[in-house]
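Enquirer: Got a structure for you, questions after.
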Amino acid sequence: MNMGSELTYRRPENQPPPESYSPKPNKQSWTFVRYMLREQRLVFVLFGIAIATSVFTLLPSSTHITTDAYSVSESVQLMNPQRSVYPTRFESFNMGGKIPLGLKRKGLRILTNVVGTLNMLGLAKRIGARFLLTSTSEVYGDPLQHPQVETYWGNVNPIGVRSCYDEGKRTAETLTMDYHRGAGVEVRIARIFNTYGPRMCIDDGRVVSNFVAQALRKEPLTVYGDGKQTRSFQYVSDLVEGLMRLMEGEHIGPFNLGNPGEFTMLELAQVVQETIDPNAKIEFKPNTEDDPHKRKPDITKAKELLGWKPKVPLRKGLPMMVSDFRQRIFGDQKNPAITTASTTTA
Ligand code: UDP
């Protein structure tokens with residue numbers, strides 16, 4: 001039996017095709033048109049399109065996500081009046097603030113470094129590169145353990161003013177470890193503590209750059225809060241050495257890279273006075289929310305596995321930064337008051 005023949009329509013034999021034959025009209029599209037014309041549906045659709053268009057046109061472009069390289073490092077907006085010219089890495093970037101250098105288009109904005117890290121991990125996987133995540137001591141938040149060891153999980157406020165940066169970096173570490181375990185990407189993770197040195201951005205609001213620039217400009221040093229919070233300051237060449245050892249070595253990390261020398265902000269202000277201008281005034285200002293009370297890296301792991309430790313103490317590193325700042329602020333090396341102060345401490 002031929003099953004197929006049962007399924008084939010056959011016109012009865014000897015019967016001519018109907019004279020008025022025409023292709024079947026597209027019933028579905030007519031039904032749709034009739035449906036749209038009934039009960040003013042078309043008017044509502046057009047009205048909806050007009051609203052959507054105006055909303056997307058008027059909304060600030062800050063809702064866009066970008067893969068711009070800037071997003072990997074810092075997120076920005078001028079929201080904190082204490083931070084003079086540039087917004088900081090803790091501030092999100094969605095309220096029409098200043099656009100940082102090198103970031104020309106307003107559409108190129110992002111809130112954290114997460115998307116950038118993900119993109120770079122994807123790239124590292126594709127081209128077989130070794131990937132370095134420059135993470136931060138911020139992953140420890142306001143630490144309850146002191147000094148901070150890499151095994152400490154931290155104490156981070158997930159909804160505070162620093163959260164965008166802190167949680168972003170924590171997520172970036174998670175992604176990095178995941179790409180390592182799951183996709184075989186060779187990775188290294190450094191947790192960088194407060195670093196200073198020549199060529200640092202003069203007005204980005206960090207404490208060392210603020211104090212140095214203020215002392216050079218004969219402005220008061222702005223100490224936030226009571227100035228008793230501590231940080232550990234690392235000279236940039238020590239960091240570079242640590243990062244190179246990390247990339248050339250076999251250990252993934254995370255590694256704390258920082259100088260264990262711990263200073264209160266008042267002590268730092270004093271070192272800046274000694275280095276630049278003994279008469280520099282101190283002005284207390286309200287502190288920012290969620291400011292960590294103390295920070296000091298435990299660098300045992302880096303010492304043992306990378307054979308690394310910082311060599312430049314604050315009192316040696318600061319004058320090197322000062323001469324660079326002096327040149328950039330004044331355009332020359334000859335500010336008499338500063339030269340005298342520097343010589344005194346050298
Ligand atoms: N700080 C300060 N005066 C300033 C800038 C910062 O007293 O002009 C304080 C700030 O409140 C914080 C510490 O210095 O307690 C370090 O600030 P920074 O932004 O350099 O680094 P982070 O807080 O990320 O460690």
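Residue numbers start at 1 in each chain; chains themselves are named A, B, ... in the order of the structure tokens; ligands are numbered from 1 in the order shown.
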Could you pull out the residues sitting within 6 Å of ligand 1, using only C-alpha atoms and all ligand atoms, and write them as a compact mmCIF listing (two decimals) with N, CA and C atoms, in the first residue's frame?
Expert:
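Saved as pocket07.txt:
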# COMPACT_ATOMS: atom_id res chain seq x y z
N ASN A 194 47.40 51.66 49.33
CA ASN A 194 47.57 53.06 48.94
C ASN A 194 48.98 53.34 48.38
N GLY A 205 42.01 63.75 44.48
CA GLY A 205 41.39 63.66 45.81
C GLY A 205 42.02 62.66 46.75
N ARG A 206 43.06 61.95 46.32
CA ARG A 206 43.72 61.01 47.23
C ARG A 206 44.48 61.81 48.29
N VAL A 207 44.72 61.17 49.44
CA VAL A 207 45.26 61.94 50.55
C VAL A 207 46.69 62.44 50.28
N ASN A 210 46.64 65.15 47.61
CA ASN A 210 46.01 66.36 48.16
C ASN A 210 46.97 67.11 49.06
N THR A 222 43.97 69.39 54.20
CA THR A 222 42.62 69.02 54.63
C THR A 222 42.62 67.62 55.23
N VAL A 223 42.47 67.55 56.54
CA VAL A 223 42.41 66.25 57.22
C VAL A 223 40.94 65.92 57.44
N TYR A 224 40.51 64.78 56.95
CA TYR A 224 39.10 64.39 57.09
C TYR A 224 38.89 63.65 58.41
N GLY A 227 41.36 62.47 61.79
CA GLY A 227 42.72 62.24 61.28
C GLY A 227 43.42 61.07 61.93
N GLN A 229 42.47 57.90 61.52
CA GLN A 229 42.41 56.70 60.67
C GLN A 229 43.79 56.45 60.05
N MET A 265 46.43 59.85 59.48
CA MET A 265 46.44 60.96 58.52
C MET A 265 47.12 62.19 59.12
N ASN A 287 34.53 63.80 57.55
CA ASN A 287 35.00 62.63 56.79
C ASN A 287 33.88 62.10 55.90
N ASP A 291 34.45 55.41 55.72
CA ASP A 291 35.90 55.50 55.55
C ASP A 291 36.56 54.44 56.45
Enquirer: I need the residues in range 114-280 of chain A that are strand (DSSP E or B) according to DSSP; give them as a compact mmCIF listing (two decimals) with N, CA and C atoms, in the first residue's frame.
Expert:
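Okay, this is what ended up in selection22.txt:
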# COMPACT_ATOMS: atom_id res chain seq x y z
N PHE A 131 46.76 37.05 32.50
CA PHE A 131 45.90 38.17 32.88
C PHE A 131 46.26 38.66 34.28
N LEU A 132 46.48 39.97 34.42
CA LEU A 132 46.76 40.54 35.74
C LEU A 132 45.57 41.38 36.20
N LEU A 133 45.02 41.01 37.35
CA LEU A 133 43.98 41.86 37.94
C LEU A 133 44.63 42.71 39.02
N THR A 134 44.61 44.03 38.82
CA THR A 134 45.12 44.92 39.85
C THR A 134 43.96 45.24 40.78
N SER A 135 43.80 44.39 41.76
CA SER A 135 42.73 44.57 42.74
C SER A 135 43.21 45.55 43.82
N THR A 136 42.55 45.57 44.93
CA THR A 136 42.79 46.66 45.88
C THR A 136 42.57 46.21 47.33
N GLY A 141 37.40 46.23 52.90
CA GLY A 141 36.43 47.15 53.48
C GLY A 141 37.00 47.87 54.70
N GLN A 148 45.91 43.15 57.57
CA GLN A 148 45.07 42.30 56.73
C GLN A 148 45.89 41.24 56.00
N ASN A 155 35.25 43.23 55.33
CA ASN A 155 34.07 43.78 56.01
C ASN A 155 33.58 44.97 55.17
N VAL A 187 46.04 33.49 35.36
CA VAL A 187 45.75 34.78 35.99
C VAL A 187 46.70 35.06 37.16
N ARG A 188 46.79 36.33 37.49
CA ARG A 188 47.50 36.79 38.69
C ARG A 188 46.65 37.89 39.32
N ILE A 189 46.60 37.88 40.66
CA ILE A 189 45.82 38.92 41.35
C ILE A 189 46.67 39.63 42.39
N ALA A 190 46.74 40.96 42.27
CA ALA A 190 47.44 41.78 43.27
C ALA A 190 46.42 42.64 43.99
N ARG A 191 46.53 42.71 45.30
CA ARG A 191 45.70 43.64 46.07
C ARG A 191 46.59 44.82 46.46
N ILE A 192 46.36 45.93 45.79
CA ILE A 192 47.27 47.07 45.94
C ILE A 192 46.79 47.99 47.06
N THR A 195 49.03 53.78 47.14
CA THR A 195 50.31 53.97 46.44
C THR A 195 50.43 55.43 46.01
N TYR A 196 51.66 55.95 46.09
CA TYR A 196 51.88 57.34 45.71
C TYR A 196 53.18 57.42 44.92
N LEU A 221 46.29 71.83 54.77
CA LEU A 221 46.15 70.39 54.48
C LEU A 221 44.79 69.94 55.04
N THR A 222 43.97 69.39 54.20
CA THR A 222 42.62 69.02 54.63
C THR A 222 42.62 67.62 55.23
N VAL A 223 42.47 67.55 56.54
CA VAL A 223 42.41 66.25 57.22
C VAL A 223 40.94 65.92 57.44
N TYR A 224 40.51 64.78 56.95
CA TYR A 224 39.10 64.39 57.09
C TYR A 224 38.89 63.65 58.41
N THR A 230 44.10 55.19 59.83
CA THR A 230 45.45 54.89 59.34
C THR A 230 45.43 54.34 57.91
N ARG A 231 46.56 54.55 57.23
CA ARG A 231 46.80 53.95 55.92
C ARG A 231 48.28 53.59 55.85
N SER A 232 48.59 52.72 54.90
CA SER A 232 49.97 52.33 54.68
C SER A 232 50.35 52.79 53.28
N GLN A 234 52.66 53.19 49.97
CA GLN A 234 53.67 52.46 49.20
C GLN A 234 54.19 53.32 48.06
N TYR A 235 55.49 53.36 47.90
CA TYR A 235 56.07 54.12 46.79
C TYR A 235 55.90 53.33 45.50
N PHE A 255 47.83 38.49 46.17
CA PHE A 255 48.94 38.95 47.01
C PHE A 255 48.69 40.39 47.43
N ASN A 256 48.88 40.66 48.72
CA ASN A 256 48.91 42.05 49.17
C ASN A 256 50.19 42.69 48.68
N LEU A 257 50.07 43.82 47.98
CA LEU A 257 51.26 44.59 47.62
C LEU A 257 51.12 45.97 48.25
N GLU A 262 52.66 52.01 58.81
CA GLU A 262 51.29 52.51 59.00
C GLU A 262 51.32 53.93 59.60
N PHE A 263 50.52 54.82 59.04
CA PHE A 263 50.48 56.21 59.50
C PHE A 263 49.04 56.66 59.70
N THR A 264 48.81 57.46 60.75
CA THR A 264 47.51 58.15 60.82
C THR A 264 47.60 59.31 59.82
Enquirer: Which one is closest to Gly116 in chain A: A:Pro254, A:Asp226, A:Thr171, A:Gly182? Count only C-alpha atoms.
Expert: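 Checking each candidate against Gly116 in chain A, we get A:Thr171 as the closest.
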Enquirer: My list of candidates is A:Pro286, A:Gly225, A:Pro310, A:Pro278. Which is closest to Val240 in chain A when distances are computed with only C-alpha atoms?
Expert: A:Pro310
Enquirer: Rank nothing, just name the residue among A:Pro220, A:Gly122, A:Gly128, A:Pro147 nearest to Gly261 in chain A, using only C-alpha atoms.
Expert: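 Under the stated criterion, the closest residue is A:Pro147.
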Enquirer: So how many Å separate CA of Gln273 in chain A and CA of Lys311 in chain A, to one decimal?
Expert: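 Between these atoms lies a distance of 22.6 Å.
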